[in-house]
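Have a look at final31.pdb below; it lists PDB, C-alpha atoms.
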ATOM      1  CA  MET O   1     127.475 104.182 123.411
ATOM      2  CA  ILE O   2     127.172 107.927 122.829
ATOM      3  CA  SER O   3     126.346 107.444 119.154
ATOM      4  CA  GLU O   4     123.646 104.928 120.126
ATOM      5  CA  LEU O   5     122.162 107.550 122.417
ATOM      6  CA  ILE O   6     122.170 110.069 119.552
ATOM      7  CA  ILE O   7     120.519 107.568 117.193
ATOM      8  CA  ASN O   8     117.812 106.789 119.729
ATOM      9  CA  ALA O   9     117.212 110.488 120.411
ATOM     10  CA  PHE O  10     116.931 111.140 116.661
ATOM     11  CA  LEU O  11     114.430 108.298 116.201
ATOM     12  CA  VAL O  12     112.350 109.417 119.168
ATOM     13  CA  SER O  13     112.250 113.000 117.889
ATOM     14  CA  ILE O  14     111.097 111.762 114.467
ATOM     15  CA  MET O  15     108.362 109.734 116.178
ATOM     16  CA  LEU O  16     107.378 112.800 118.193
ATOM     17  CA  ALA O  17     107.150 114.904 115.023
ATOM     18  CA  ILE O  18     104.951 112.270 113.370
ATOM     19  CA  ALA O  19     102.740 112.112 116.474
ATOM     20  CA  ILE O  20     102.267 115.891 116.466
ATOM     21  CA  ALA O  21     101.429 115.810 112.759
ATOM     22  CA  LEU O  22      99.003 112.972 113.536
ATOM     23  CA  LEU O  23      97.202 115.187 116.052
ATOM     24  CA  LYS O  24      96.671 117.858 113.399
ATOM     25  CA  ALA O  25      95.675 115.493 110.599
ATOM     26  CA  ARG O  26      92.079 115.922 109.472
ATOM     27  CA  THR O  27      91.789 113.532 106.523
ATOM     28  CA  VAL O  28      91.514 109.799 107.097
ATOM     29  CA  ILE O  29      94.054 108.728 104.488
ATOM     30  CA  TYR O  30      96.656 111.115 105.876
ATOM     31  CA  THR O  31      96.097 109.689 109.362
ATOM     32  CA  VAL O  32      96.549 106.129 108.095
ATOM     33  CA  LEU O  33      99.757 107.064 106.262
ATOM     34  CA  LEU O  34     101.177 108.800 109.326
ATOM     35  CA  THR O  35     100.357 105.790 111.516
ATOM     36  CA  SER O  36     102.182 103.570 109.044
ATOM     37  CA  ALA O  37     105.230 105.852 109.078
ATOM     38  CA  TYR O  38     105.154 105.920 112.888
ATOM     39  CA  SER O  39     105.147 102.111 113.004
ATOM     40  CA  LEU O  40     108.112 101.936 110.633
ATOM     41  CA  VAL O  41     110.204 104.273 112.771
ATOM     42  CA  ALA O  42     109.117 102.433 115.923
ATOM     43  CA  ALA O  43     110.304  99.182 114.329
ATOM     44  CA  LEU O  44     113.762 100.662 113.690
ATOM     45  CA  MET O  45     113.759 101.900 117.272
ATOM     46  CA  PHE O  46     113.030  98.376 118.536
ATOM     47  CA  ILE O  47     115.862  97.020 116.411
ATOM     48  CA  THR O  48     118.349  99.470 117.889
ATOM     49  CA  LEU O  49     117.091  98.330 121.306
ATOM     50  CA  ASP O  50     117.956  94.725 120.288
ATOM     51  CA  ALA O  51     114.358  93.525 120.343
ATOM     52  CA  VAL O  52     114.341  92.090 116.844
ATOM     53  CA  ASP O  53     111.240  89.934 117.316
ATOM     54  CA  VAL O  54     109.193  92.869 118.626
ATOM     55  CA  ALA O  55     110.419  94.976 115.723
ATOM     56  CA  PHE O  56     109.362  92.267 113.310
ATOM     57  CA  THR O  57     105.870  92.148 114.793
ATOM     58  CA  GLU O  58     105.661  95.949 114.768
ATOM     59  CA  ALA O  59     106.632  96.145 111.106
ATOM     60  CA  SER O  60     104.397  93.358 109.855
ATOM     61  CA  VAL O  61     101.361  94.146 112.020
ATOM     62  CA  GLY O  62     101.737  97.900 112.589
ATOM     63  CA  ALA O  63     103.024  99.008 109.212
ATOM     64  CA  GLY O  64     101.725  96.164 107.058
ATOM     65  CA  ILE O  65      98.473  94.526 108.093
ATOM     66  CA  SER O  66      96.880  97.300 110.149
ATOM     67  CA  THR O  67      97.519  99.890 107.413
ATOM     68  CA  ILE O  68      95.696  97.666 104.956
ATOM     69  CA  LEU O  69      92.876  96.999 107.456
ATOM     70  CA  PHE O  70      92.532 100.723 108.206
ATOM     71  CA  LEU O  71      92.368 101.466 104.493
ATOM     72  CA  ALA O  72      89.778  98.747 103.932
ATOM     73  CA  ALA O  73      87.681 100.231 106.745
ATOM     74  CA  MET O  74      88.342 103.729 105.385
ATOM     75  CA  ALA O  75      86.581 102.827 102.155
ATOM     76  CA  PHE O  76      83.319 102.897 104.147
ATOM     77  CA  LEU O  77      83.977 106.231 105.862
ATOM     78  CA  PRO O  78      83.407 109.817 104.776
ATOM     79  CA  LYS O  79      86.544 111.398 103.330
ATOM     80  CA  LYS O  80      86.920 114.259 105.800
ATOM     81  CA  GLU O  81      86.835 114.288 109.557
ATOM     82  CA  GLU O  82      84.651 116.812 111.372
ATOM     83  CA  LYS O  83      86.444 119.170 113.712
ATOM     84  CA  ASN O  84      86.265 117.978 117.288
ATOM     85  CA  VAL O  85      84.296 120.468 119.374
ATOM     86  CA  THR O  86      84.542 118.798 122.793
ATOM     87  CA  ASN O  87      86.859 120.216 125.446
ATOM     88  CA  GLN O  88      90.305 118.629 125.157
ATOM     89  CA  ALA O  89      91.905 120.178 128.246
ATOM     90  CA  PHE O  90      90.971 117.365 130.624
ATOM     91  CA  PRO O  91      92.256 114.477 128.430
ATOM     92  CA  ALA O  92      95.484 116.421 127.810
ATOM     93  CA  LEU O  93      95.930 116.969 131.553
ATOM     94  CA  LEU O  94      95.261 113.278 132.197
ATOM     95  CA  CYS O  95      97.835 112.219 129.575
ATOM     96  CA  LEU O  96     100.458 114.618 130.920
ATOM     97  CA  THR O  97      99.874 113.457 134.505
ATOM     98  CA  LEU O  98     100.078 109.774 133.558
ATOM     99  CA  GLY O  99     103.198 110.367 131.477
ATOM    100  CA  GLY O 100     104.788 112.336 134.299
ATOM    101  CA  VAL O 101     104.034 109.571 136.817
ATOM    102  CA  LEU O 102     105.475 106.927 134.469
ATOM    103  CA  ILE O 103     108.664 108.945 133.887
ATOM    104  CA  TRP O 104     108.969 109.584 137.632
ATOM    105  CA  CYS O 105     108.615 105.858 138.318
ATOM    106  CA  SER O 106     111.206 105.011 135.645
ATOM    107  CA  PHE O 107     113.917 106.598 137.817
ATOM    108  CA  ASP O 108     113.465 103.721 140.253
ATOM    109  CA  LEU O 109     114.139 101.084 137.581
ATOM    110  CA  PRO O 110     117.441  99.203 137.777
ATOM    111  CA  GLU O 111     120.018 100.017 135.121
ATOM    112  CA  ILE O 112     119.438  98.314 131.751
ATOM    113  CA  GLY O 113     121.408  95.094 131.422
ATOM    114  CA  LEU O 114     122.394  94.955 135.079
ATOM    115  CA  ALA O 115     122.858  91.298 136.035
ATOM    116  CA  THR O 116     121.785  91.866 139.632
ATOM    117  CA  SER O 117     118.428  93.449 138.790
ATOM    118  CA  PRO O 118     115.379  91.630 140.237
ATOM    119  CA  ILE O 119     114.096  90.176 136.949
ATOM    120  CA  HIS O 120     117.332  88.248 136.505
ATOM    121  CA  GLN O 121     117.332  87.015 140.109
ATOM    122  CA  HIS O 122     113.819  85.978 140.900
ATOM    123  CA  ILE O 123     112.750  83.150 138.601
ATOM    124  CA  VAL O 124     115.044  83.124 135.589
ATOM    125  CA  PRO O 125     117.762  80.887 137.133
ATOM    126  CA  GLU O 126     115.059  78.395 138.054
ATOM    127  CA  TYR O 127     113.867  78.319 134.442
ATOM    128  CA  ILE O 128     117.396  77.965 133.073
ATOM    129  CA  LEU O 129     118.423  75.208 135.482
ATOM    130  CA  GLY O 130     115.148  73.329 135.569
ATOM    131  CA  SER O 131     114.140  73.447 131.910
ATOM    132  CA  ARG O 132     115.794  70.169 130.925
ATOM    133  CA  ASP O 133     114.586  68.165 133.924
ATOM    134  CA  ASP O 134     111.120  69.729 134.297
ATOM    135  CA  ILE O 135     110.005  69.835 130.703
ATOM    136  CA  GLY O 136     112.524  67.677 128.892
ATOM    137  CA  ILE O 137     113.227  69.910 125.891
ATOM    138  CA  PRO O 138     116.549  71.642 125.320
ATOM    139  CA  ASN O 139     115.128  74.953 124.012
ATOM    140  CA  ILE O 140     114.505  77.198 127.028
ATOM    141  CA  VAL O 141     112.383  79.730 125.129
ATOM    142  CA  THR O 142     109.995  77.017 123.994
ATOM    143  CA  SER O 143     109.726  75.522 127.455
ATOM    144  CA  VAL O 144     109.003  78.930 128.993
ATOM    145  CA  LEU O 145     106.354  79.753 126.397
ATOM    146  CA  ALA O 146     104.672  76.377 126.222
ATOM    147  CA  SER O 147     104.962  75.131 129.788
ATOM    148  CA  TYR O 148     106.109  77.630 132.425
ATOM    149  CA  ARG O 149     103.835  80.287 130.991
ATOM    150  CA  GLY O 150     101.329  77.810 129.656
ATOM    151  CA  TYR O 151      98.399  79.597 131.326
ATOM    152  CA  ASP O 152      99.425  82.873 129.661
ATOM    153  CA  THR O 153      99.586  81.269 126.257
ATOM    154  CA  PHE O 154      96.301  79.467 126.902
ATOM    155  CA  GLY O 155      94.652  82.776 127.813
ATOM    156  CA  GLU O 156      96.016  84.461 124.695
ATOM    157  CA  THR O 157      94.713  81.645 122.547
ATOM    158  CA  ILE O 158      91.277  81.992 124.140
ATOM    159  CA  VAL O 159      91.246  85.756 123.512
ATOM    160  CA  VAL O 160      92.227  85.369 119.862
ATOM    161  CA  PHE O 161      89.708  82.550 119.424
ATOM    162  CA  THR O 162      86.912  84.633 120.984
ATOM    163  CA  ALA O 163      87.771  87.607 118.771
ATOM    164  CA  GLY O 164      87.657  85.347 115.710
ATOM    165  CA  ILE O 165      84.264  83.956 116.728
ATOM    166  CA  ALA O 166      82.919  87.482 117.328
ATOM    167  CA  VAL O 167      84.088  88.680 113.917
ATOM    168  CA  LEU O 168      82.603  85.613 112.253
ATOM    169  CA  ALA O 169      79.307  86.123 114.081
ATOM    170  CA  ILE O 170      79.119  89.782 113.016
ATOM    171  CA  LEU O 171      79.949  88.987 109.403
ATOM    172  CA  LYS O 172      77.508  86.081 109.239
ATOM    173  CA  ASN O 173      74.726  88.147 110.768
ATOM    174  CA  ASN O 174      75.378  90.865 108.217
ATOM    175  CA  LYS O 175      75.098  88.407 105.354
ATOM    176  CA  THR O 176      71.764  86.974 106.533
ATOM    177  CA  SER O 177      70.326  90.442 107.045
ATOM    178  CA  LEU O 178      71.419  91.391 103.531
ATOM    179  CA  LYS O 179      69.716  88.269 102.216
ATOM    180  CA  LYS O 180      66.573  89.152 104.159
ATOM    181  CA  ILE O 181      66.544  92.630 102.659
ATOM    182  CA  LYS O 182      67.021  91.195  99.188
ATOM    183  CA  SER O 183      64.244  88.633  99.632
ATOM    184  CA  GLN O 184      61.933  91.322 101.021
ATOM    185  CA  LYS O 185      62.669  93.455  97.985
ATOM    186  CA  LYS O 186      61.878  90.517  95.734
ATOM    187  CA  VAL O 187      58.597  89.896  97.558
ATOM    188  CA  ALA O 188      57.729  93.561  97.188
ATOM    189  CA  GLU O 189      58.558  93.520  93.478
ATOM    190  CA  ASN O 190      56.528  90.354  92.956
ATOM    191  CA  GLY O 191      53.642  91.884  94.867
ATOM    192  CA  GLN O 192      53.576  94.860  92.532
TER
ATOM    193  CA  MET U   1     132.321 105.821 106.799
ATOM    194  CA  PHE U   2     129.615 104.505 109.085
ATOM    195  CA  LEU U   3     129.084 107.973 110.469
ATOM    196  CA  ALA U   4     128.782 109.467 106.974
ATOM    197  CA  ALA U   5     126.195 106.878 105.963
ATOM    198  CA  LEU U   6     124.299 107.457 109.185
ATOM    199  CA  THR U   7     124.286 111.228 108.660
ATOM    200  CA  ALA U   8     123.058 110.823 105.091
ATOM    201  CA  CYS U   9     120.294 108.535 106.351
ATOM    202  CA  ALA U  10     119.277 111.006 109.039
ATOM    203  CA  ILE U  11     119.180 113.973 106.648
ATOM    204  CA  SER U  12     117.149 112.084 104.063
ATOM    205  CA  ALA U  13     114.786 110.902 106.815
ATOM    206  CA  LEU U  14     114.237 114.517 107.852
ATOM    207  CA  LEU U  15     113.597 115.573 104.236
ATOM    208  CA  VAL U  16     111.127 112.733 103.756
ATOM    209  CA  LEU U  17     109.443 113.613 107.039
ATOM    210  CA  ALA U  18     108.987 117.170 105.809
ATOM    211  CA  ARG U  19     107.438 115.764 102.630
ATOM    212  CA  ILE U  20     105.043 113.602 104.654
ATOM    213  CA  VAL U  21     103.927 116.519 106.816
ATOM    214  CA  LEU U  22     103.801 119.214 104.131
ATOM    215  CA  GLY U  23     103.028 117.007 101.127
ATOM    216  CA  LYS U  24     100.737 118.630  98.575
ATOM    217  CA  THR U  25      98.845 115.587  97.306
ATOM    218  CA  THR U  26      98.138 112.236  98.864
ATOM    219  CA  PHE U  27     100.381 110.538  96.317
ATOM    220  CA  ASP U  28     103.325 112.630  97.491
ATOM    221  CA  ARG U  29     102.632 111.354 100.962
ATOM    222  CA  VAL U  30     102.320 107.729  99.861
ATOM    223  CA  LEU U  31     105.638 108.036  98.059
ATOM    224  CA  ALA U  32     107.199 109.733 101.082
ATOM    225  CA  VAL U  33     106.054 106.977 103.456
ATOM    226  CA  ASN U  34     107.451 104.406 101.044
ATOM    227  CA  SER U  35     110.758 106.300 100.962
ATOM    228  CA  LEU U  36     110.793 106.433 104.757
ATOM    229  CA  GLY U  37     110.410 102.645 104.728
ATOM    230  CA  THR U  38     113.382 102.373 102.352
ATOM    231  CA  ILE U  39     115.473 104.621 104.601
ATOM    232  CA  ILE U  40     114.570 102.408 107.545
ATOM    233  CA  VAL U  41     115.637  99.324 105.588
ATOM    234  CA  ILE U  42     119.009 101.043 105.039
ATOM    235  CA  GLY U  43     119.076 101.942 108.729
ATOM    236  CA  ILE U  44     118.568  98.300 109.710
ATOM    237  CA  ALA U  45     121.371  97.231 107.379
ATOM    238  CA  LEU U  46     123.631  99.927 108.858
ATOM    239  CA  HIS U  47     122.787  98.844 112.367
ATOM    240  CA  GLY U  48     123.589  95.246 111.453
ATOM    241  CA  PHE U  49     126.943  96.428 110.155
ATOM    242  CA  TYR U  50     127.551  98.466 113.290
ATOM    243  CA  ALA U  51     126.581  95.633 115.661
ATOM    244  CA  ASN U  52     128.510  92.998 113.654
ATOM    245  CA  ARG U  53     125.379  90.975 113.040
ATOM    246  CA  PRO U  54     125.032  90.284 109.312
ATOM    247  CA  GLU U  55     121.765  88.379 109.853
ATOM    248  CA  PHE U  56     120.079  91.786 110.153
ATOM    249  CA  LEU U  57     120.281  91.956 106.357
ATOM    250  CA  ASP U  58     117.602  89.244 106.151
ATOM    251  CA  ILE U  59     115.354  91.320 108.374
ATOM    252  CA  ALA U  60     116.005  94.339 106.168
ATOM    253  CA  ILE U  61     114.886  92.337 103.126
ATOM    254  CA  VAL U  62     111.649  91.286 104.843
ATOM    255  CA  TYR U  63     111.041  94.919 105.780
ATOM    256  CA  ALA U  64     111.457  95.933 102.171
ATOM    257  CA  LEU U  65     108.877  93.316 101.176
ATOM    258  CA  ILE U  66     106.373  94.473 103.821
ATOM    259  CA  ASN U  67     106.890  98.081 102.756
ATOM    260  CA  PHE U  68     106.248  97.170  99.134
ATOM    261  CA  ILE U  69     103.073  95.234  99.976
ATOM    262  CA  GLY U  70     101.728  98.146 102.016
ATOM    263  CA  THR U  71     102.339 100.635  99.220
ATOM    264  CA  VAL U  72     100.771  98.348  96.634
ATOM    265  CA  ALA U  73      97.711  97.925  98.878
ATOM    266  CA  ILE U  74      97.304 101.694  99.277
ATOM    267  CA  LEU U  75      97.659 102.317  95.546
ATOM    268  CA  LYS U  76      95.264  99.476  94.719
ATOM    269  CA  LEU U  77      92.717 101.072  97.008
ATOM    270  CA  PHE U  78      93.150 104.360  95.170
ATOM    271  CA  SER U  79      92.834 102.862  91.727
ATOM    272  CA  THR U  80      89.840 100.608  92.400
ATOM    273  CA  GLY U  81      88.160 102.182  95.422
ATOM    274  CA  SER U  82      87.971  98.893  97.330
ATOM    275  CA  PHE U  83      89.832  95.673  97.989
ATOM    276  CA  LYS U  84      87.300  93.466  96.254
ATOM    277  CA  GLY U  85      88.625  91.323  93.459
ATOM    278  CA  ASN U  86      88.067  92.254  89.843
ATOM    279  CA  LYS U  87      84.677  90.677  89.319
ATOM    280  CA  LYS U  88      83.474  90.454  85.782
TER
END
Would you give me this structure, written as structure tokens?
Amino acid sequence: MISELIINAFLVSIMLAIAIALLKARTVIYTVLLTSAYSLVAALMFITLDAVDVAFTEASVGAGISTILFLAAMAFLPKKEEKNVTNQAFPALLCLTLGGVLIWCSFDLPEIGLATSPIHQHIVPEYILGSRDDIGIPNIVTSVLASYRGYDTFGETIVVFTAGIAVLAILKNNKTSLKKIKSQKKVAENGQ
Amino acid sequence: MFLAALTACAISALLVLARIVLGKTTFDRVLAVNSLGTIIVIGIALHGFYANRPEFLDIAIVYALINFIGTVAILKLFSTGSFKGNKK
């Protein structure tokens, strides 16, 4: 138990160091690399917290896909970031206040893994007992995701679908405008 | 034994972190991030050993693959300047 605490403290301090370095980074590629490293450490952190599926998502999306997407976007950006001249005292104060409130609230949380905590009392027994009769499938996780939380999943699907449509619309628009520019150029060349 | 491996992992992670933060060229940093990924793969394997769950080894292998793909993508971007295919 103690050694687990030490491991977690070590991982958190590494993440903190990366975050501080991230604040001071001024080149885009360095920022992307630091974000990738941060995601990797966060994934290990999630694994030590026994959330293997979250860790998997963090590693594949945070360290894998988003690094590549950032780099692809970076190809269109200038190489160096300008120094930020706006006042940063207010955002820092806001962050510190919010963090302080969150930490203060975390003292009221029930102990991790306690069987009598509210989340294990309120609706979980209903799911576990009723899954077979209500939905008719033996896998409780599937019945929770697909039926009990069907509205959640439906909403997520709508959000992802909308995002896909928006991206497609932007890309398509871009293509047609490029074509327009090209055809206008051609007309101009023919006119000359 | 477990403790020794864990300590070695932690020390190498710190060294690699120093390389990421202080690294002279971008390639040093790319290599350091890749090494950090490798250390984390070892960490996952160690944790699987510690928690008596050998299926964590599979996860470690997938992590290694993701790490490799990320590094290859970064280096491809450096060598070609974009992700477009090699058009002739």
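You will find CA of Ile44 (chain U) at 17.3 Å from CA of Val16 (chain U).
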Restrict the calculation to all atoms listed in the file, then for each residue of region 9-85 of chain U with any atom at most 10 Å from an atom of region 25-39 of chain O give the closest atom pair and their distance in Å to one decimal, rows by chain and rising residue number, as CSV.
residue,atom,partner,partner_atom,distance
U:Leu17,CA,O:Ala37,CA,9.1
U:Ile20,CA,O:Leu34,CA,7.7
U:Val21,CA,O:Leu34,CA,8.6
U:Gly23,CA,O:Tyr30,CA,9.9
U:Thr25,CA,O:Tyr30,CA,9.9
U:Thr26,CA,O:Tyr30,CA,7.3
U:Arg29,CA,O:Leu33,CA,7.4
U:Val30,CA,O:Leu33,CA,6.9
U:Ala32,CA,O:Ala37,CA,9.1
U:Val33,CA,O:Ala37,CA,5.8
U:Asn34,CA,O:Ala37,CA,8.5
U:Ser35,CA,O:Ala37,CA,9.8
U:Leu36,CA,O:Ala37,CA,7.1
U:Gly37,CA,O:Ala37,CA,7.5
U:Asn67,CA,O:Ser36,CA,9.6
U:Gly70,CA,O:Ser36,CA,8.9
U:Thr71,CA,O:Leu33,CA,9.9
U:Ile74,CA,O:Leu33,CA,9.1
inquiry  = For a quick test of understanding: name the residues of chain O lying within 9 Å of chain U when counting all atoms listed in the file, and present them as a PyMOL selection string.
reply    = chain O and resi 7+10+14+17-18+21+29-30+33-34+36-37+40-41+43-44+47-48+52+56+59-60+63-65+67-68+71-72+75
With C-alpha atoms retained, could you export that selection as a PDB file, keeping the file's coordinate frame?
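File part-v2.pdb, as written:
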ATOM      1  CA  ILE O   7     120.519 107.568 117.193  1.00  0.00           C
ATOM      2  CA  PHE O  10     116.931 111.140 116.661  1.00  0.00           C
ATOM      3  CA  ILE O  14     111.097 111.762 114.467  1.00  0.00           C
ATOM      4  CA  ALA O  17     107.150 114.904 115.023  1.00  0.00           C
ATOM      5  CA  ILE O  18     104.951 112.270 113.370  1.00  0.00           C
ATOM      6  CA  ALA O  21     101.429 115.810 112.759  1.00  0.00           C
ATOM      7  CA  ILE O  29      94.054 108.728 104.488  1.00  0.00           C
ATOM      8  CA  TYR O  30      96.656 111.115 105.876  1.00  0.00           C
ATOM      9  CA  LEU O  33      99.757 107.064 106.262  1.00  0.00           C
ATOM     10  CA  LEU O  34     101.177 108.800 109.326  1.00  0.00           C
ATOM     11  CA  SER O  36     102.182 103.570 109.044  1.00  0.00           C
ATOM     12  CA  ALA O  37     105.230 105.852 109.078  1.00  0.00           C
ATOM     13  CA  LEU O  40     108.112 101.936 110.633  1.00  0.00           C
ATOM     14  CA  VAL O  41     110.204 104.273 112.771  1.00  0.00           C
ATOM     15  CA  ALA O  43     110.304  99.182 114.329  1.00  0.00           C
ATOM     16  CA  LEU O  44     113.762 100.662 113.690  1.00  0.00           C
ATOM     17  CA  ILE O  47     115.862  97.020 116.411  1.00  0.00           C
ATOM     18  CA  THR O  48     118.349  99.470 117.889  1.00  0.00           C
ATOM     19  CA  VAL O  52     114.341  92.090 116.844  1.00  0.00           C
ATOM     20  CA  PHE O  56     109.362  92.267 113.310  1.00  0.00           C
ATOM     21  CA  ALA O  59     106.632  96.145 111.106  1.00  0.00           C
ATOM     22  CA  SER O  60     104.397  93.358 109.855  1.00  0.00           C
ATOM     23  CA  ALA O  63     103.024  99.008 109.212  1.00  0.00           C
ATOM     24  CA  GLY O  64     101.725  96.164 107.058  1.00  0.00           C
ATOM     25  CA  ILE O  65      98.473  94.526 108.093  1.00  0.00           C
ATOM     26  CA  THR O  67      97.519  99.890 107.413  1.00  0.00           C
ATOM     27  CA  ILE O  68      95.696  97.666 104.956  1.00  0.00           C
ATOM     28  CA  LEU O  71      92.368 101.466 104.493  1.00  0.00           C
ATOM     29  CA  ALA O  72      89.778  98.747 103.932  1.00  0.00           C
ATOM     30  CA  ALA O  75      86.581 102.827 102.155  1.00  0.00           C
TER      31      ALA O  75
END
Size and centre in Å, one decimal, axis-aligned box, all listed region 3-15 of chain U atoms plus 5 Å per side, as AutoDock Vina command-line options:
--center_x 121.3 --center_y 111.2 --center_z 107.3 --size_x 25.5 --size_y 18.7 --size_z 16.4
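From CA of Arg19 (chain U) back to CA of Ser79 (chain U), the distance works out to 22.3 Å.
Every protein, DNA or RNA residue with an atom at most 12 Å from Gly113 (chain O), where only C-alpha atoms count and chain neighbours fewer than 6 positions away do not, is listed here: Leu49, Asp50, Ile119 and His120 of chain O.
If you look at CA of Ala42 (chain O) and CA of Val61 (chain O), they are 12.0 Å away from each other.
Closest approach to Thr7 (chain U) among U:Ala64, U:Leu57, U:Leu31, U:Leu46: U:Leu46, based on all atoms listed in the file.
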note = Using all atoms listed in the file, the best pick from U:Lys24, U:Leu75, U:Ala8, U:Leu15 as closest to Ile42 (chain U) would be U:Ala8
